[in-house]
>>> print(open('model-v3.txt').read())   # compact mmCIF, C-alpha atoms
# COMPACT_ATOMS: atom_id res chain seq x y z
CA MET A 141 14.72 -24.27 33.91
CA GLU A 142 15.68 -20.94 32.39
CA LYS A 143 17.68 -20.74 29.19
CA THR A 144 18.62 -18.03 26.76
CA VAL A 145 16.13 -17.82 23.92
CA VAL A 146 16.73 -15.49 20.99
CA LEU A 147 13.54 -13.90 19.72
CA ARG A 148 13.58 -11.83 16.54
CA VAL A 149 11.08 -9.09 17.35
CA ASN A 150 10.28 -6.11 15.15
CA GLY A 151 13.35 -6.76 13.05
CA HIS A 152 15.84 -7.08 15.92
CA PRO A 153 17.27 -10.12 17.72
CA ASN A 154 16.61 -10.13 21.48
CA SER A 155 18.21 -12.55 23.92
CA VAL A 156 15.85 -13.42 26.75
CA THR A 157 16.72 -15.62 29.73
CA ILE A 158 13.49 -17.46 30.34
CA ASP A 159 11.95 -20.90 30.66
CA PRO A 160 11.56 -21.85 26.97
CA GLU A 161 7.99 -23.03 27.65
CA THR A 162 6.94 -19.58 28.92
CA PRO A 163 4.30 -18.07 26.63
CA LEU A 164 5.67 -15.53 24.17
CA LEU A 165 3.28 -12.89 25.55
CA TYR A 166 5.17 -12.80 28.86
CA ALA A 167 8.56 -12.49 27.18
CA LEU A 168 7.29 -9.61 25.06
CA ARG A 169 5.64 -7.70 27.91
CA ASN A 170 7.80 -8.54 30.92
CA HIS A 171 11.26 -8.90 29.37
CA LEU A 172 11.13 -6.72 26.25
CA GLN A 173 8.69 -4.09 27.58
CA LEU A 174 6.47 -4.34 24.49
CA ASN A 175 2.94 -3.61 25.63
CA GLY A 176 1.00 -3.79 22.35
CA PRO A 177 -0.05 -7.41 22.89
CA LYS A 178 -2.26 -7.65 25.97
CA TYR A 179 -3.25 -10.46 28.29
CA GLY A 180 -6.93 -11.13 27.75
CA CYS A 181 -8.11 -14.69 28.23
CA GLY A 182 -4.90 -16.75 28.32
CA VAL A 183 -6.40 -19.46 26.10
CA ALA A 184 -6.18 -17.87 22.61
CA LEU A 185 -9.88 -17.02 22.36
CA CYS A 186 -9.97 -13.21 22.52
CA GLY A 187 -7.24 -11.85 20.23
CA SER A 188 -5.85 -9.30 22.68
CA CYS A 189 -2.40 -10.91 22.60
CA MET A 190 -2.17 -11.13 18.80
CA VAL A 191 1.22 -10.75 17.13
CA LEU A 192 2.35 -11.41 13.59
CA LEU A 193 4.50 -14.52 13.17
CA ASP A 194 6.06 -14.41 9.73
CA GLY A 195 3.26 -12.03 8.74
CA LYS A 196 0.39 -14.16 10.08
CA ALA A 197 -1.70 -13.05 13.06
CA GLN A 198 -1.26 -15.52 15.91
CA PRO A 199 -2.09 -15.43 19.63
CA SER A 200 1.01 -15.09 21.78
CA CYS A 201 -0.56 -16.22 25.07
CA ILE A 202 -0.26 -19.94 24.32
CA MET A 203 2.82 -20.08 22.08
CA PRO A 204 5.98 -21.11 23.95
CA CYS A 205 9.00 -18.88 23.45
CA SER A 206 10.91 -21.89 22.13
CA ALA A 207 8.42 -22.25 19.26
CA ALA A 208 8.36 -18.52 18.55
CA ALA A 209 12.16 -18.37 18.28
CA THR A 210 12.03 -19.82 14.78
CA HIS A 211 9.81 -16.98 13.49
CA GLU A 212 9.95 -13.28 12.71
CA ILE A 213 7.74 -11.70 15.39
CA THR A 214 6.04 -8.36 14.82
CA THR A 215 4.16 -6.57 17.57
CA LEU A 216 1.98 -3.48 17.42
CA GLU A 217 5.08 -1.41 18.17
CA GLY A 218 6.73 -2.79 15.03
CA ILE A 219 4.11 -1.73 12.49
CA GLY A 220 3.94 2.00 13.11
CA ASN A 221 4.75 4.85 15.46
CA GLN A 222 3.37 8.30 16.28
CA GLN A 223 5.31 9.88 13.42
CA GLN A 224 4.20 7.29 10.85
CA LEU A 225 1.14 5.26 11.72
CA HIS A 226 0.28 2.08 9.86
CA PRO A 227 -2.82 2.68 7.69
CA VAL A 228 -4.96 0.49 9.99
CA GLN A 229 -3.83 2.47 13.05
CA ARG A 230 -4.51 5.75 11.24
CA ALA A 231 -7.98 4.62 10.11
CA VAL A 232 -8.96 3.41 13.58
CA ILE A 233 -8.04 6.82 14.97
CA ASP A 234 -9.60 8.80 12.11
CA LEU A 235 -12.91 6.92 12.39
CA GLN A 236 -12.78 6.76 16.21
CA ALA A 237 -13.45 3.05 15.86
CA ALA A 238 -12.18 1.95 19.27
CA GLN A 239 -13.99 2.15 22.56
CA CYS A 240 -12.42 0.36 25.53
CA GLY A 241 -9.30 -0.86 23.71
CA TYR A 242 -9.45 -4.46 24.96
CA CYS A 243 -9.50 -5.85 21.42
CA LEU A 244 -7.62 -3.09 19.63
CA ASN A 245 -4.27 -4.87 19.35
CA GLY A 246 -5.94 -7.93 17.80
CA VAL A 247 -8.02 -5.85 15.40
CA ILE A 248 -4.99 -3.94 14.15
CA MET A 249 -2.78 -7.01 13.78
CA CYS A 250 -5.48 -9.05 12.01
CA GLY A 251 -6.35 -6.03 9.86
CA LYS A 252 -2.72 -5.60 8.86
CA GLN A 253 -2.40 -9.25 7.86
CA LEU A 254 -5.61 -9.05 5.84
CA LEU A 255 -4.55 -5.92 3.93
CA ASP A 256 -1.10 -7.36 3.29
CA GLU A 257 -2.77 -10.35 1.63
CA ASN A 258 -5.82 -8.64 0.12
CA PRO A 259 -5.61 -4.92 -0.68
CA ASP A 260 -9.37 -4.55 -1.26
CA PRO A 261 -11.29 -6.89 1.06
CA SER A 262 -15.07 -7.17 1.17
CA ASP A 263 -17.02 -6.70 4.39
CA GLU A 264 -17.35 -10.49 4.65
CA GLU A 265 -13.58 -10.97 4.25
CA ILE A 266 -12.96 -8.39 6.97
CA ARG A 267 -15.44 -10.12 9.29
CA GLU A 268 -13.69 -13.42 8.67
CA ALA A 269 -10.28 -11.87 9.39
CA LEU A 270 -11.59 -10.47 12.69
CA GLN A 271 -13.46 -13.58 13.82
CA ARG A 272 -10.69 -14.47 16.33
CA VAL A 273 -10.98 -11.06 18.02
CA LEU A 274 -13.49 -10.61 20.82
CA CYS A 275 -14.83 -7.06 21.05
CA ARG A 276 -16.61 -6.56 24.35
CA CYS A 277 -18.08 -3.22 23.24
CA GLY A 278 -19.59 -4.57 20.04
CA THR A 279 -17.80 -2.11 17.76
CA HIS A 280 -16.96 -4.63 15.03
CA THR A 281 -18.93 -2.57 12.51
CA ARG A 282 -16.67 0.41 13.22
CA PHE A 283 -13.63 -1.81 12.76
CA ILE A 284 -14.93 -3.03 9.42
CA GLY A 285 -15.21 0.60 8.32
CA ALA A 286 -11.72 1.34 9.61
CA ILE A 287 -10.16 -1.56 7.72
CA LYS A 288 -11.95 -0.47 4.54
CA LYS A 289 -10.59 3.06 5.10
CA ALA A 290 -7.10 1.65 5.72
CA ALA A 291 -7.31 -0.14 2.38
CA VAL A 292 -7.94 3.25 0.75
CA TYR A 293 -5.01 4.79 2.66
CA LYS A 294 -2.70 1.99 1.48
CA ARG A 295 -3.66 2.67 -2.15
CA GLN A 296 -2.89 6.41 -1.89
>>> encode(input="model-v3.txt", output="C-alpha cells")
Amino acid sequence: MEKTVVLRVNGHPNSVTIDPETPLLYALRNHLQLNGPKYGCGVALCGSCMVLLDGKAQPSCIMPCSAAATHEITTLEGIGNQQQLHPVQRAVIDLQAAQCGYCLNGVIMCGKQLLDENPDPSDEEIREALQRVLCRCGTHTRFIGAIKKAAVYKRQ
C-alpha cells in the first residue's frame, strides 16, 4: 500500500508516494531522478547503490524508505557538481582512476566518509573503507591513490 514518505535528500525534504517498504534506491532513482546510486546486485554486496545516511556510507538497495526517512540522505549529486567537485571526485578524474564506472558511486561515497572521519588515511585504512565496494575492473589501487590525492586536496 502506497503512502507518502518524506525523505530528506541532499539537504531538502522530498515527499514521495511509495510503498514504505520499497528500497530507498528506487525512490532516489525513479521518483527523485537522482542517478548517482546505481543498481548493482540488489543484496548490498557491491557498493554501487551507496549513499550517505547521516554521513555514513550505506547501501540503499536493501534499506526500506520508511527506515531511511529518519536520516539525512546524501547522494553523489549532493556532494559536488561540475562547478565545484568534491575532492574525491576531483582526484578520481585527475588520476583517471575509474574504468567502467560500475563501482564509482560506492568508491566516492565511501571515500568521502573516510576523509570526513580521517583526513590522512593510510593505504590499509583506505582498503578497509573500500572493502564493501566491488570493482569489476580491478582498479582498487588507482582508487587508493585517488583517495590519498583527495586527502591532499582537502588540506589545501
>>> atom_distance(input="model-v3.txt", atom1="CA of Pro261 (chain A)", atom2="CA of Tyr179 (chain A)")
28.6 Å
>>> axis_aligned_box(input="model-v3.txt", around="region 275-284 of chain A", padding_each_side="6 Å", output="AutoDock Vina command-line options")
--center_x -16.6 --center_y -3.3 --center_z 16.9 --size_x 18.0 --size_y 19.5 --size_z 26.9
>>> closest_residue(input="model-v3.txt", among="A:Leu185, A:Thr210, A:Glu265, A:Lys289", to="Pro153 (chain A)", atoms="all atoms listed in the file")
A:Thr210
>>> closest_residue(input="model-v3.txt", among="A:Leu192, A:Leu244, A:Ala197, A:Cys277", to="Lys178 (chain A)", atoms="all atoms listed in the file")
A:Leu244
>>> residues_around(input="model-v3.txt", residues="region 155-161 of chain A", least_positions_apart="6", cutoff="10 Å", atoms="all atoms listed in the file", output="list of chain:residue names")
A:Met141, A:Glu142, A:Lys143, A:Thr144, A:Val145, A:Val146, A:Leu147, A:Arg148, A:Ala167, A:Leu168, A:His171, A:Leu172, A:Ile202, A:Met203, A:Pro204, A:Cys205, A:Ser206, A:Ala207, A:Ala208, A:Ala209
